[in-house]
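Colleague: So here's data-v9.csv, just CSV, C-alpha atoms and all ligand atoms:
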chain,number,residue,atom,x,y,z
A,1,MET,CA,-6.3,-26.6,3.2
A,2,LYS,CA,-8.8,-29.4,3.0
A,3,PHE,CA,-11.3,-26.9,1.5
A,4,LEU,CA,-9.2,-26.5,-1.6
A,5,PRO,CA,-10.6,-29.4,-3.7
A,6,ALA,CA,-14.2,-28.2,-3.1
A,7,LEU,CA,-13.2,-24.7,-3.9
A,8,ALA,CA,-11.6,-25.7,-7.1
A,9,ALA,CA,-14.6,-27.7,-8.1
A,10,SER,CA,-16.9,-24.8,-7.4
A,11,CYS,CA,-14.7,-22.6,-9.6
A,12,LEU,CA,-14.9,-25.1,-12.4
A,13,LEU,CA,-18.6,-25.2,-12.2
A,14,ALA,CA,-18.7,-21.4,-12.4
A,15,LEU,CA,-17.1,-21.4,-15.8
A,16,PRO,CA,-19.6,-20.0,-18.4
A,17,VAL,CA,-21.1,-22.7,-20.6
A,18,HIS,CA,-21.5,-20.2,-23.4
A,19,SER,CA,-17.9,-19.0,-23.6
A,20,SER,CA,-17.9,-19.3,-27.4
A,21,ARG,CA,-20.6,-16.6,-27.7
A,22,SER,CA,-18.2,-13.7,-27.7
A,23,ALA,CA,-14.5,-13.3,-27.8
A,24,VAL,CA,-14.5,-10.9,-24.8
A,25,SER,CA,-16.9,-12.3,-22.3
A,26,THR,CA,-18.7,-9.8,-20.1
A,27,GLY,CA,-21.1,-12.5,-18.8
A,28,THR,CA,-23.4,-15.0,-20.2
A,29,PRO,CA,-27.2,-15.0,-20.4
A,30,PHE,CA,-29.2,-17.8,-18.9
A,31,TYR,CA,-26.3,-18.5,-16.5
A,32,GLY,CA,-26.3,-17.2,-12.9
A,33,ASP,CA,-29.4,-17.0,-10.6
A,34,PRO,CA,-31.9,-14.6,-12.2
A,35,PRO,CA,-33.1,-11.2,-10.9
A,36,ASP,CA,-35.5,-11.4,-7.9
A,37,ALA,CA,-37.7,-9.0,-6.0
A,38,THR,CA,-34.8,-6.9,-4.7
A,39,HIS,CA,-32.0,-7.6,-7.1
A,40,PRO,CA,-32.6,-6.3,-10.6
A,41,TRP,CA,-29.6,-8.0,-12.1
A,42,ALA,CA,-28.9,-11.7,-12.5
A,43,VAL,CA,-25.8,-13.1,-10.8
A,44,HIS,CA,-22.9,-12.5,-13.3
A,45,ASP,CA,-25.3,-10.5,-15.5
A,46,GLN,CA,-23.9,-9.7,-18.9
A,47,ASN,CA,-26.2,-6.7,-19.2
A,48,ARG,CA,-24.9,-5.1,-16.0
A,49,PRO,CA,-22.8,-2.0,-17.1
A,50,GLN,CA,-19.1,-2.3,-17.0
A,51,PRO,CA,-17.4,-0.1,-14.3
A,52,LYS,CA,-16.2,3.2,-15.7
A,53,ARG,CA,-12.5,3.5,-16.3
A,54,VAL,CA,-10.6,5.8,-13.9
A,55,GLU,CA,-6.9,6.2,-14.2
A,56,PRO,CA,-5.5,5.9,-10.7
A,57,GLY,CA,-3.4,8.6,-9.2
A,58,THR,CA,-0.2,8.3,-7.4
A,59,PHE,CA,0.4,8.2,-3.7
A,60,SER,CA,2.0,11.1,-1.9
A,61,SER,CA,5.4,10.9,-0.3
A,62,ALA,CA,6.7,13.1,2.5
A,63,ALA,CA,8.6,15.1,-0.1
A,64,GLN,CA,5.8,15.7,-2.6
A,65,PRO,CA,2.1,15.2,-3.1
A,66,GLY,CA,0.8,12.5,-5.3
A,67,LYS,CA,-1.5,12.9,-8.3
A,68,PRO,CA,-5.3,12.7,-8.1
A,69,PRO,CA,-7.2,10.0,-10.1
A,70,SER,CA,-8.4,11.0,-13.5
A,71,ASP,CA,-11.9,11.8,-12.6
A,72,ALA,CA,-11.1,13.9,-9.5
A,73,VAL,CA,-12.2,17.4,-9.1
A,74,VAL,CA,-9.1,19.3,-8.0
A,75,LEU,CA,-9.7,21.9,-5.4
A,76,PHE,CA,-6.1,22.8,-4.6
A,77,ASP,CA,-3.0,21.6,-6.5
A,78,GLY,CA,-0.4,23.7,-4.9
A,79,THR,CA,-0.6,26.6,-7.3
A,80,ALA,CA,-1.9,30.1,-6.8
A,81,ALA,CA,-4.3,29.5,-9.7
A,82,THR,CA,-6.3,27.0,-7.6
A,83,LEU,CA,-6.6,29.6,-4.8
A,84,ASP,CA,-9.3,31.1,-7.1
A,85,LYS,CA,-11.5,28.1,-6.1
A,86,TRP,CA,-11.6,29.3,-2.5
A,87,GLU,CA,-13.1,32.3,-0.7
A,88,ALA,CA,-13.4,33.6,2.8
A,89,ASP,CA,-16.1,31.7,4.8
A,90,THR,CA,-18.4,34.7,5.1
A,91,LYS,CA,-21.9,34.6,6.6
A,92,PRO,CA,-24.9,33.6,4.5
A,93,GLY,CA,-26.0,36.4,2.2
A,94,GLU,CA,-22.7,38.2,2.3
A,95,PRO,CA,-20.8,38.6,-1.0
A,96,SER,CA,-18.0,36.4,-2.0
A,97,THR,CA,-14.8,37.7,-0.4
A,98,PRO,CA,-11.3,36.6,-1.3
A,99,THR,CA,-9.6,34.5,1.4
A,100,LYS,CA,-6.6,35.9,3.3
A,101,TRP,CA,-5.1,32.4,3.5
A,102,ILE,CA,-1.9,32.2,1.4
A,103,VAL,CA,-0.2,29.8,-0.9
A,104,ASN,CA,3.2,29.1,0.6
A,105,ASP,CA,5.6,26.5,-0.9
A,106,GLY,CA,2.9,24.6,-2.7
A,107,ALA,CA,0.6,24.6,0.3
A,108,LEU,CA,-2.6,26.5,1.3
A,109,GLU,CA,-1.6,28.0,4.6
A,110,CYS,CA,-4.0,29.3,7.3
A,111,VAL,CA,-3.3,32.9,8.2
A,112,PRO,CA,-4.4,33.0,11.9
A,113,LYS,CA,-7.3,35.2,12.7
A,114,SER,CA,-8.2,35.5,9.0
A,115,GLY,CA,-11.2,33.2,9.3
A,116,TYR,CA,-12.2,29.9,7.8
A,117,VAL,CA,-11.7,29.3,4.1
A,118,ARG,CA,-14.2,27.5,1.9
A,119,THR,CA,-14.5,26.3,-1.6
A,120,LYS,CA,-16.7,28.3,-4.0
A,121,GLU,CA,-17.9,24.9,-5.3
A,122,LYS,CA,-20.5,23.1,-3.4
A,123,PHE,CA,-20.8,19.3,-3.3
A,124,GLY,CA,-22.3,16.5,-1.2
A,125,ASP,CA,-21.5,12.8,-1.0
A,126,CYS,CA,-17.9,12.4,-2.0
A,127,GLN,CA,-14.5,10.7,-1.6
A,128,LEU,CA,-12.3,13.5,-0.4
A,129,HIS,CA,-8.5,13.6,-0.3
A,130,VAL,CA,-6.8,16.2,1.9
A,131,GLU,CA,-3.2,16.5,3.1
A,132,TRP,CA,-2.2,18.7,5.9
A,133,ALA,CA,0.8,19.6,8.1
A,134,ALA,CA,0.9,21.2,11.5
A,135,PRO,CA,3.7,23.7,12.1
A,136,LYS,CA,7.1,22.0,12.6
A,137,ALA,CA,7.8,24.3,15.5
A,138,VAL,CA,5.6,22.9,18.2
A,139,LYS,CA,3.6,25.5,20.1
A,140,GLY,CA,0.7,25.0,22.5
A,141,ASP,CA,-0.9,21.8,23.7
A,142,SER,CA,-4.2,19.9,23.6
A,143,GLN,CA,-6.5,21.7,21.3
A,144,GLY,CA,-4.1,24.6,20.9
A,145,ARG,CA,-1.5,22.7,18.8
A,146,GLY,CA,-1.8,22.6,15.0
A,147,ASN,CA,-5.6,22.8,15.2
A,148,SER,CA,-7.7,23.2,12.0
A,149,GLY,CA,-10.5,21.1,10.6
A,150,VAL,CA,-12.0,19.7,7.4
A,151,PHE,CA,-15.7,20.6,7.3
A,152,LEU,CA,-17.8,18.6,4.8
A,153,LEU,CA,-20.9,20.6,3.7
A,154,GLY,CA,-19.1,23.4,5.6
A,155,ILE,CA,-20.6,21.8,8.7
A,156,CYS,CA,-19.4,18.3,9.6
A,157,GLU,CA,-15.8,18.4,11.0
A,158,VAL,CA,-13.1,15.8,10.7
A,159,GLN,CA,-10.6,17.2,13.2
A,160,VAL,CA,-7.2,18.4,12.2
A,161,LEU,CA,-4.8,18.6,15.2
A,162,ASP,CA,-1.2,17.9,16.0
A,163,ASN,CA,-1.7,14.9,18.3
A,164,TYR,CA,1.6,13.3,17.5
A,165,ASP,CA,2.7,13.7,21.1
A,166,ASN,CA,-0.1,15.7,22.4
A,167,PRO,CA,-3.0,14.2,24.3
A,168,THR,CA,-6.4,15.9,24.2
A,169,TYR,CA,-10.0,14.8,24.8
A,170,ALA,CA,-10.6,11.7,22.6
A,171,ASP,CA,-13.5,13.0,20.6
A,172,GLY,CA,-11.5,16.0,19.6
A,173,PHE,CA,-8.4,14.1,18.5
A,174,ALA,CA,-7.0,14.4,15.0
A,175,ALA,CA,-9.3,12.4,12.6
A,176,SER,CA,-12.1,12.4,15.1
A,177,VAL,CA,-15.6,13.2,13.9
A,178,TYR,CA,-15.3,16.2,16.2
A,179,GLY,CA,-17.4,15.9,19.3
A,180,ILE,CA,-18.9,12.6,18.2
A,181,ASN,CA,-16.4,9.8,17.7
A,182,PRO,CA,-12.6,9.5,18.4
A,183,PRO,CA,-10.4,7.9,15.7
A,184,LEU,CA,-9.7,4.2,16.0
A,185,ALA,CA,-6.0,4.9,16.1
A,186,ASN,CA,-3.4,7.7,16.2
A,187,ALA,CA,-1.6,7.2,12.9
A,188,LEU,CA,-0.1,10.7,12.8
A,189,ARG,CA,3.4,11.6,11.6
A,190,ALA,CA,5.5,14.1,13.3
A,191,PRO,CA,4.6,17.8,13.2
A,192,GLY,CA,5.8,19.5,10.0
A,193,GLU,CA,5.2,16.3,8.0
A,194,PHE,CA,2.2,16.0,5.8
A,195,GLN,CA,-0.6,13.8,7.0
A,196,VAL,CA,-3.0,12.3,4.4
A,197,TYR,CA,-6.7,12.1,5.0
A,198,ASP,CA,-8.9,10.0,2.7
A,199,ILE,CA,-12.5,10.6,3.6
A,200,VAL,CA,-15.7,9.0,2.4
A,201,PHE,CA,-18.6,11.2,3.3
A,202,ARG,CA,-22.2,10.3,3.0
A,203,ARG,CA,-24.8,12.8,4.1
A,204,PRO,CA,-27.9,11.5,5.9
A,205,VAL,CA,-30.9,10.9,3.7
A,206,TYR,CA,-34.3,12.0,5.1
A,207,HIS,CA,-37.8,11.3,3.9
A,208,ASP,CA,-40.9,12.7,5.5
A,209,GLY,CA,-38.8,13.9,8.4
A,210,GLN,CA,-37.4,10.4,9.1
A,211,VAL,CA,-33.8,9.3,8.7
A,212,VAL,CA,-33.9,6.5,6.1
A,213,ASP,CA,-30.2,6.3,5.8
A,214,ALA,CA,-27.8,7.8,8.4
A,215,GLY,CA,-24.9,9.8,7.0
A,216,TYR,CA,-21.5,8.3,7.5
A,217,PHE,CA,-17.8,9.2,7.7
A,218,THR,CA,-15.2,6.7,6.7
A,219,VAL,CA,-11.7,8.1,7.2
A,220,PHE,CA,-8.2,6.8,6.6
A,221,CYS,CA,-5.3,8.7,8.2
A,222,ASN,CA,-2.0,8.0,6.5
A,223,GLY,CA,-3.6,4.8,5.1
A,224,VAL,CA,-4.8,3.6,8.5
A,225,LEU,CA,-8.6,3.2,9.0
A,226,VAL,CA,-9.6,5.7,11.7
A,227,GLN,CA,-13.3,6.1,11.1
A,228,ASP,CA,-15.1,2.9,10.1
A,229,HIS,CA,-18.5,3.9,8.6
A,230,THR,CA,-19.2,6.2,11.6
A,231,PRO,CA,-22.8,7.3,11.7
A,232,LEU,CA,-23.3,11.0,11.5
A,233,GLU,CA,-25.4,11.9,14.5
A,234,GLY,CA,-25.4,15.5,13.3
A,235,PRO,CA,-23.0,18.1,12.4
A,236,GLY,CA,-20.8,17.7,15.6
A,237,GLY,CA,-19.5,20.7,17.5
A,238,HIS,CA,-17.9,22.1,20.6
A,239,MET,CA,-19.3,21.3,24.0
A,240,LYS,CA,-22.8,20.6,22.8
A,241,ARG,CA,-24.3,17.2,22.0
A,242,SER,CA,-24.9,17.0,18.3
A,243,VAL,CA,-28.5,17.1,17.2
A,244,ALA,CA,-29.5,15.0,14.2
A,245,GLY,CA,-31.4,16.9,11.6
A,246,PRO,CA,-31.6,17.4,7.8
A,247,LEU,CA,-28.3,18.6,6.3
A,248,PRO,CA,-28.1,20.5,3.0
A,249,GLU,CA,-27.7,18.4,-0.1
A,250,THR,CA,-24.5,20.2,-1.0
A,251,GLY,CA,-22.2,22.6,0.7
A,252,PRO,CA,-18.6,23.9,0.4
A,253,LEU,CA,-15.6,22.2,1.8
A,254,ALA,CA,-14.4,24.5,4.6
A,255,LEU,CA,-11.1,24.5,6.4
A,256,GLN,CA,-10.8,25.9,9.9
A,257,ASP,CA,-8.8,28.8,11.2
A,258,HIS,CA,-8.2,27.8,14.8
A,259,GLY,CA,-5.3,30.3,15.2
A,260,ASN,CA,-2.6,27.9,14.0
A,261,PRO,CA,-0.7,28.2,10.6
A,262,VAL,CA,-1.7,24.7,9.4
A,263,ARG,CA,-0.9,24.0,5.8
A,264,PHE,CA,-2.9,22.0,3.3
A,265,ARG,CA,-2.0,20.5,-0.1
A,266,ASN,CA,-3.3,18.1,-2.8
A,267,ILE,CA,-7.0,18.6,-2.1
A,268,TRP,CA,-9.4,16.8,-4.4
A,269,TYR,CA,-12.7,15.0,-4.4
A,270,ARG,CA,-14.7,12.5,-6.4
A,271,PRO,CA,-18.5,12.9,-6.2
A,272,LEU,CA,-20.2,9.7,-5.2
A,273,PRO,CA,-23.5,8.5,-6.8
A,274,PRO,CA,-26.5,9.9,-5.0
A,275,ARG,CA,-28.6,7.7,-2.8
A,276,SER,CA,-32.3,7.9,-3.0
A,277,ILE,CA,-34.9,6.6,-0.5
A,278,GLU,CA,-34.9,3.4,-2.5
A,279,GLY,CA,-31.1,3.1,-2.1
A,280,GLY,CA,-28.7,4.4,-4.7
A,281,THR,CA,-26.7,1.5,-5.8
A,282,ASP,CA,-27.6,-1.3,-8.2
A,283,GLY,CA,-27.3,-3.9,-5.4
A,284,ALA,CA,-30.3,-4.8,-3.3
A,285,LEU,CA,-33.1,-2.3,-3.7
A,286,THR,CA,-36.7,-2.0,-2.6
A,287,VAL,CA,-39.2,-4.1,-4.5
A,288,ALA,CA,-40.7,-1.1,-6.3
A,289,ALA,CA,-37.2,0.2,-7.3
A,290,THR,CA,-36.3,-3.3,-8.5
A,291,THR,CA,-39.4,-3.6,-10.6
A,292,THR,CA,-38.6,-0.2,-12.2
A,293,LYS,CA,-35.0,-1.2,-12.9
A,294,ARG,CA,-35.9,-4.6,-14.3
A,295,HIS,CA,-38.4,-2.9,-16.7
A,296,GLU,CA,-35.6,-0.6,-17.8
A,297,ILE,CA,-33.2,-3.5,-18.4
A,298,ALA,CA,-35.8,-5.5,-20.2
A,299,SER,CA,-36.6,-2.6,-22.5
A,300,THR,CA,-32.9,-2.2,-23.4
A,301,VAL,CA,-32.6,-6.0,-24.1
A,302,ARG,CA,-35.8,-5.9,-26.2
A,303,THR,CA,-34.5,-2.9,-28.2
A,304,ASP,CA,-31.2,-4.8,-28.7
A,305,ALA,CA,-33.1,-8.0,-29.7
A,306,ALA,CA,-35.1,-6.1,-32.4
A,307,LYS,CA,-31.8,-5.4,-34.2
A,308,LEU,CA,-30.8,-9.0,-34.3
A,309,THR,CA,-31.9,-11.8,-36.6
A,310,GLY,CA,-32.4,-15.6,-36.4
A,311,THR,CA,-31.6,-17.6,-33.3
A,312,ALA,CA,-29.7,-14.7,-31.7
A,313,GLN,CA,-32.9,-12.6,-31.9
A,314,LEU,CA,-34.9,-15.4,-30.4
A,315,LEU,CA,-32.6,-15.9,-27.5
A,316,ARG,CA,-32.2,-12.1,-26.8
A,317,PHE,CA,-36.0,-11.7,-26.7
A,318,ALA,CA,-36.1,-14.7,-24.4
A,319,GLU,CA,-33.5,-13.1,-22.2
A,320,SER,CA,-35.6,-10.1,-21.7
A,321,LEU,CA,-38.3,-12.3,-20.1
A,322,VAL,CA,-35.9,-12.9,-17.2
A,323,TYR,CA,-36.2,-9.2,-16.3
A,324,GLU,CA,-39.9,-8.7,-17.2
A,325,ASN,CA,-42.4,-11.2,-18.3
A,326,ASP,CA,-44.0,-8.9,-20.8
A,327,ALA,CA,-47.0,-10.8,-22.4
A,328,ALA,CA,-46.4,-9.5,-26.0
A,329,THR,CA,-42.7,-10.5,-25.8
A,330,ALA,CA,-43.5,-13.9,-24.3
A,331,ALA,CA,-45.9,-14.6,-27.1
A,332,LYS,CA,-43.3,-13.5,-29.7
A,333,VAL,CA,-40.7,-15.7,-28.1
A,334,GLU,CA,-43.0,-18.7,-28.1
A,335,ALA,CA,-43.9,-18.2,-31.8
A,336,PHE,CA,-40.2,-17.8,-32.6
A,337,ALA,CA,-39.3,-20.9,-30.6
A,338,SER,CA,-42.0,-23.0,-32.2
A,339,GLY,CA,-40.8,-21.9,-35.6
A,340,TYR,CA,-37.2,-22.7,-34.6
A,341,VAL,CA,-38.2,-26.2,-33.5
A,342,THR,CA,-40.4,-26.8,-36.6
A,343,ASN,CA,-37.5,-25.9,-38.9
A,344,LEU,CA,-35.2,-28.2,-36.9
A,345,LYS,CA,-37.6,-31.0,-37.3
A,346,SER,CA,-37.6,-30.5,-41.1
A,347,LEU,CA,-33.9,-31.1,-41.2
A,348,SER,CA,-32.0,-34.4,-41.3
A,349,GLY,CA,-28.6,-35.8,-41.8
A,350,ALA,CA,-25.7,-33.4,-42.2
A,351,ALA,CA,-28.0,-30.3,-42.2
A,352,LEU,CA,-29.4,-31.3,-38.8
A,353,GLU,CA,-26.0,-32.2,-37.4
A,354,ALA,CA,-24.8,-28.8,-38.4
A,355,LYS,CA,-27.4,-27.3,-36.0
A,356,LYS,CA,-26.2,-29.4,-33.1
A,357,ASP,CA,-24.3,-26.8,-31.1
A,358,GLU,CA,-26.9,-24.1,-31.7
A,359,ALA,CA,-29.8,-26.4,-30.7
A,360,LYS,CA,-28.0,-27.5,-27.5
A,361,THR,CA,-27.5,-23.8,-26.6
A,362,VAL,CA,-31.2,-23.0,-27.2
A,363,GLN,CA,-32.1,-26.1,-25.2
A,364,ARG,CA,-30.0,-25.0,-22.3
A,365,ASP,CA,-31.5,-21.5,-22.4
A,366,PHE,CA,-35.0,-23.0,-22.4
A,367,GLN,CA,-34.1,-25.2,-19.5
A,368,TYR,CA,-33.0,-22.1,-17.6
A,369,LEU,CA,-36.3,-20.4,-18.3
A,370,VAL,CA,-38.2,-23.4,-17.1
A,371,LYS,CA,-35.9,-24.0,-14.1
A,372,PHE,CA,-36.6,-20.4,-12.8
A,373,GLY,CA,-40.2,-20.4,-13.8
A,374,PHE,CA,-40.1,-17.8,-16.6
A,375,VAL,CA,-42.0,-20.3,-18.8
A,376,PRO,CA,-44.0,-23.3,-17.6
A,377,ALA,CA,-42.5,-26.8,-17.4
A,378,THR,CA,-45.0,-27.7,-20.1
A,379,TYR,CA,-43.5,-25.2,-22.6
A,380,ALA,CA,-44.0,-27.0,-25.9
A,381,PRO,CA,-40.9,-25.7,-27.8
A,382,LYS,CA,-38.7,-26.8,-24.9
A,383,ILE,CA,-40.2,-30.3,-24.7
A,384,ALA,CA,-39.9,-30.7,-28.5
A,385,LEU,CA,-36.3,-29.5,-28.4
A,386,ASP,CA,-35.5,-32.0,-25.6
A,387,GLN,CA,-36.9,-34.7,-27.8
A,388,ILE,CA,-34.8,-33.8,-30.8
A,389,VAL,CA,-31.6,-33.5,-28.7
A,390,LYS,CA,-32.3,-36.9,-27.1
A,391,ALA,CA,-33.2,-38.6,-30.4
A,392,GLN,CA,-30.0,-37.4,-31.9
A,393,GLY,CA,-28.0,-38.6,-28.9
A,394,TRP,CA,-26.6,-35.1,-28.5
A,395,ASP,CA,-27.3,-35.1,-24.8
A,396,GLU,CA,-25.0,-38.0,-24.2
A,397,GLU,CA,-22.0,-36.3,-25.7
A,398,LYS,CA,-19.4,-34.7,-23.4
A,399,LYS,CA,-19.7,-31.0,-23.2
B,401,MG,MG,-10.6,21.9,14.6
What does the file become when written as structure tokens?

Modeller:
Amino acid sequence: MKFLPALAASCLLALPVHSSRSAVSTGTPFYGDPPDATHPWAVHDQNRPQPKRVEPGTFSSAAQPGKPPSDAVVLFDGTAATLDKWEADTKPGEPSTPTKWIVNDGALECVPKSGYVRTKEKFGDCQLHVEWAAPKAVKGDSQGRGNSGVFLLGICEVQVLDNYDNPTYADGFAASVYGINPPLANALRAPGEFQVYDIVFRRPVYHDGQVVDAGYFTVFCNGVLVQDHTPLEGPGGHMKRSVAGPLPETGPLALQDHGNPVRFRNIWYRPLPPRSIEGGTDGALTVAATTTKRHEIASTVRTDAAKLTGTAQLLRFAESLVYENDAATAAKVEAFASGYVTNLKSLSGAALEAKKDEAKTVQRDFQYLVKFGFVPATYAPKIALDQIVKAQGWDEEKK
């Protein structure tokens, strides 16, 4: 509790000083720590894109499946119509063949000995949602009870098995990455009830034959974390040690026929942004990727600046220097800034006083540029502006 005052103080300090700049603040320029060699964005960067809007879905209950989020690709929604999205899991080169699995009471049900089923659609990195139910009438034991499987890329299996009251080898348990890693917990409901898997799948990324980013499974079973960013050693499999190696970029989602009439419902996925060898997010990147991204951001800011006028234009061009110290832009900013200061010097009395807030804003922004080395400490317009602000006594007023 004794931390609270310090925490409150740091929150206060974090308030934007330019909050008057726009009615809806999406960040403030010349504010947080600037971009660096591996971070293309400033801290709290106003130019960083807003997250896209996704309408959330609803959670499933035992009685009925929930609704997918708005950007999900629905693979099975309980209707016979979505059965068209599936086919028999035939061998490579064989023609597409309808599956013999059936739609029964809103669920896609395995017909034993009919073979695996797979989506016609192929995809790679994703957030996958699958619900499944083992037969209510318990039959068999160990791997023989309610066995199926969810295969990403048609290869990498998250095990489906009725382990509610049914021991088996740990790395073949329900929600195991089969043959590789047991789940962290057994969070299963009773047989006959639907179990919910939420899976984040990242395939491995290879470059010149080397793994530069292992693939991962993160899995929640009925809301309980059961695979925590588990590295993909390889596809996994029965009896044999999995061998790491390049996996296809995309593949179907396949569901296993292991001889049990397991049912599936509410199957959807959301594709995830691809990763490159530089890393696929806008967080920390390699130096080369950061330089490229900073150039891209600077170009956008300069394009935007060109449409502005007056001080807003000056500051927007100056802002672009934070991402890329382009010589032509730097010269333009210095010329603008000199002109700004010259004009300010020509004013007096009420006309100068009317410029107070604007001048203090420009001063703060120049101070930022000096502080982080985007312009030298000897930057003439900044020094001149400091003198004007001081002479007017504006620097002694409360903010
Ligand atoms: Mg299986």

Colleague: For CA of Phe194 in chain A and CA of Gly66 in chain A, quote the distance in Å rounded to one decimal.

Modeller: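 Spanning CA of Phe194 in chain A to CA of Gly66 in chain A is a straight-line distance of 11.7 Å.
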
Colleague: Counting all atoms listed in the file, what are the residues, protein, DNA or RNA alike, that approach ligand MG 401 (chain B) to within 12 Å? I want them as number ranges by chain.

Modeller: A: 116, 134, 142-151, 155-163, 171-179, 236-238, 254-260, 262

Colleague: Store the residues of this selection in a file with C-alpha atoms, as an mmCIF file, in the coordinates of the input.

Modeller:
data_model
loop_
_atom_site.group_PDB
_atom_site.id
_atom_site.type_symbol
_atom_site.label_atom_id
_atom_site.label_comp_id
_atom_site.auth_asym_id
_atom_site.auth_seq_id
_atom_site.Cartn_x
_atom_site.Cartn_y
_atom_site.Cartn_z
ATOM 1 C CA TYR A 116 -12.200 29.900 7.800
ATOM 2 C CA ALA A 134 0.900 21.200 11.500
ATOM 3 C CA SER A 142 -4.200 19.900 23.600
ATOM 4 C CA GLN A 143 -6.500 21.700 21.300
ATOM 5 C CA GLY A 144 -4.100 24.600 20.900
ATOM 6 C CA ARG A 145 -1.500 22.700 18.800
ATOM 7 C CA GLY A 146 -1.800 22.600 15.000
ATOM 8 C CA ASN A 147 -5.600 22.800 15.200
ATOM 9 C CA SER A 148 -7.700 23.200 12.000
ATOM 10 C CA GLY A 149 -10.500 21.100 10.600
ATOM 11 C CA VAL A 150 -12.000 19.700 7.400
ATOM 12 C CA PHE A 151 -15.700 20.600 7.300
ATOM 13 C CA ILE A 155 -20.600 21.800 8.700
ATOM 14 C CA CYS A 156 -19.400 18.300 9.600
ATOM 15 C CA GLU A 157 -15.800 18.400 11.000
ATOM 16 C CA VAL A 158 -13.100 15.800 10.700
ATOM 17 C CA GLN A 159 -10.600 17.200 13.200
ATOM 18 C CA VAL A 160 -7.200 18.400 12.200
ATOM 19 C CA LEU A 161 -4.800 18.600 15.200
ATOM 20 C CA ASP A 162 -1.200 17.900 16.000
ATOM 21 C CA ASN A 163 -1.700 14.900 18.300
ATOM 22 C CA ASP A 171 -13.500 13.000 20.600
ATOM 23 C CA GLY A 172 -11.500 16.000 19.600
ATOM 24 C CA PHE A 173 -8.400 14.100 18.500
ATOM 25 C CA ALA A 174 -7.000 14.400 15.000
ATOM 26 C CA ALA A 175 -9.300 12.400 12.600
ATOM 27 C CA SER A 176 -12.100 12.400 15.100
ATOM 28 C CA VAL A 177 -15.600 13.200 13.900
ATOM 29 C CA TYR A 178 -15.300 16.200 16.200
ATOM 30 C CA GLY A 179 -17.400 15.900 19.300
ATOM 31 C CA GLY A 236 -20.800 17.700 15.600
ATOM 32 C CA GLY A 237 -19.500 20.700 17.500
ATOM 33 C CA HIS A 238 -17.900 22.100 20.600
ATOM 34 C CA ALA A 254 -14.400 24.500 4.600
ATOM 35 C CA LEU A 255 -11.100 24.500 6.400
ATOM 36 C CA GLN A 256 -10.800 25.900 9.900
ATOM 37 C CA ASP A 257 -8.800 28.800 11.200
ATOM 38 C CA HIS A 258 -8.200 27.800 14.800
ATOM 39 C CA GLY A 259 -5.300 30.300 15.200
ATOM 40 C CA ASN A 260 -2.600 27.900 14.000
ATOM 41 C CA VAL A 262 -1.700 24.700 9.400
#

Colleague: Point out the residue among A:Tyr206, A:Tyr323, A:Phe317, A:Phe220 with the least atom-to-atom distance to Asp304 in chain A, counting all atoms listed in the file.

Modeller: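 Smallest distance to Asp304 in chain A is found for A:Phe317.
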
Colleague: With distances taken over all atoms listed in the file, which residue among A:Ala335, A:Thr286, A:Thr311, A:Ala137 lies nearest Asp36 in chain A?

Modeller: A:Thr286

Colleague: What's around Glu109 in chain A at 12 Å? Count only C-alpha atoms, leave out sequence neighbours fewer than 3 positions away in its own chain, and write the answer as a VMD selection string.

Modeller: chain A and resid 76 78 80 83 99 to 106 112 114 to 117 131 to 135 146 148 255 to 257 259 to 265

Colleague: Can you tell me how far CA of Val322 in chain A sits from CA of Arg48 in chain A, in Å to one decimal?

Modeller: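 These two atoms are separated by 13.5 Å.
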
Colleague: What does the distance from CA of Asn222 in chain A to CA of Val196 in chain A come to in Å, to one decimal?

Modeller: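 Atom-to-atom, CA of Asn222 in chain A to CA of Val196 in chain A, that is 4.9 Å.
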
Colleague: When distances are computed from only C-alpha atoms, which of A:Glu233, A:Glu249, A:Asp365, A:Glu396 shows the smallest separation from Asp125 in chain A?

Modeller: A:Glu249

Colleague: Find the residues around Leu75 in chain A up to 8 Å (only C-alpha atoms counted), leave out those fewer than 5 positions away in its own chain, and share them as a PyMOL selection string.

Modeller: chain A and resi 82+85+119+266-269

Colleague: Could you name the residues that touch Val224 in chain A at 12 Å or less, counting only C-alpha atoms, but leaving out those on the same chain fewer than 3 positions away, as a tab-separated table (two decimals) with C-alpha atoms, keeping the file's coordinate frame?

Modeller:
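Full text of result30.tsv as output:
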chain	number	residue	atom	x	y	z
A	175	ALA	CA	-9.30	12.40	12.60
A	183	PRO	CA	-10.40	7.90	15.70
A	184	LEU	CA	-9.70	4.20	16.00
A	185	ALA	CA	-6.00	4.90	16.10
A	186	ASN	CA	-3.40	7.70	16.20
A	187	ALA	CA	-1.60	7.20	12.90
A	188	LEU	CA	-0.10	10.70	12.80
A	189	ARG	CA	3.40	11.60	11.60
A	195	GLN	CA	-0.60	13.80	7.00
A	196	VAL	CA	-3.00	12.30	4.40
A	197	TYR	CA	-6.70	12.10	5.00
A	198	ASP	CA	-8.90	10.00	2.70
A	199	ILE	CA	-12.50	10.60	3.60
A	218	THR	CA	-15.20	6.70	6.70
A	219	VAL	CA	-11.70	8.10	7.20
A	220	PHE	CA	-8.20	6.80	6.60
A	221	CYS	CA	-5.30	8.70	8.20
A	227	GLN	CA	-13.30	6.10	11.10
A	228	ASP	CA	-15.10	2.90	10.10

Colleague: For a quick check of understanding, using all atoms listed in the file, which of A:Lys390, A:His39, A:Phe336, A:Leu321 has the smallest distance to Val370 in chain A?

Modeller: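 Of the candidates, the smallest distance to Val370 in chain A is held by A:Leu321.
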
Colleague: List as a list in words the protein and nucleic acid residues near Lys136 in chain A, meaning an atom at most 8 Å away when all atoms listed in the file are counted, but skip any in the same chain fewer than 2 places from it.

Modeller: Ala134, Val138, Pro191, Gly192 and Glu193 of chain A
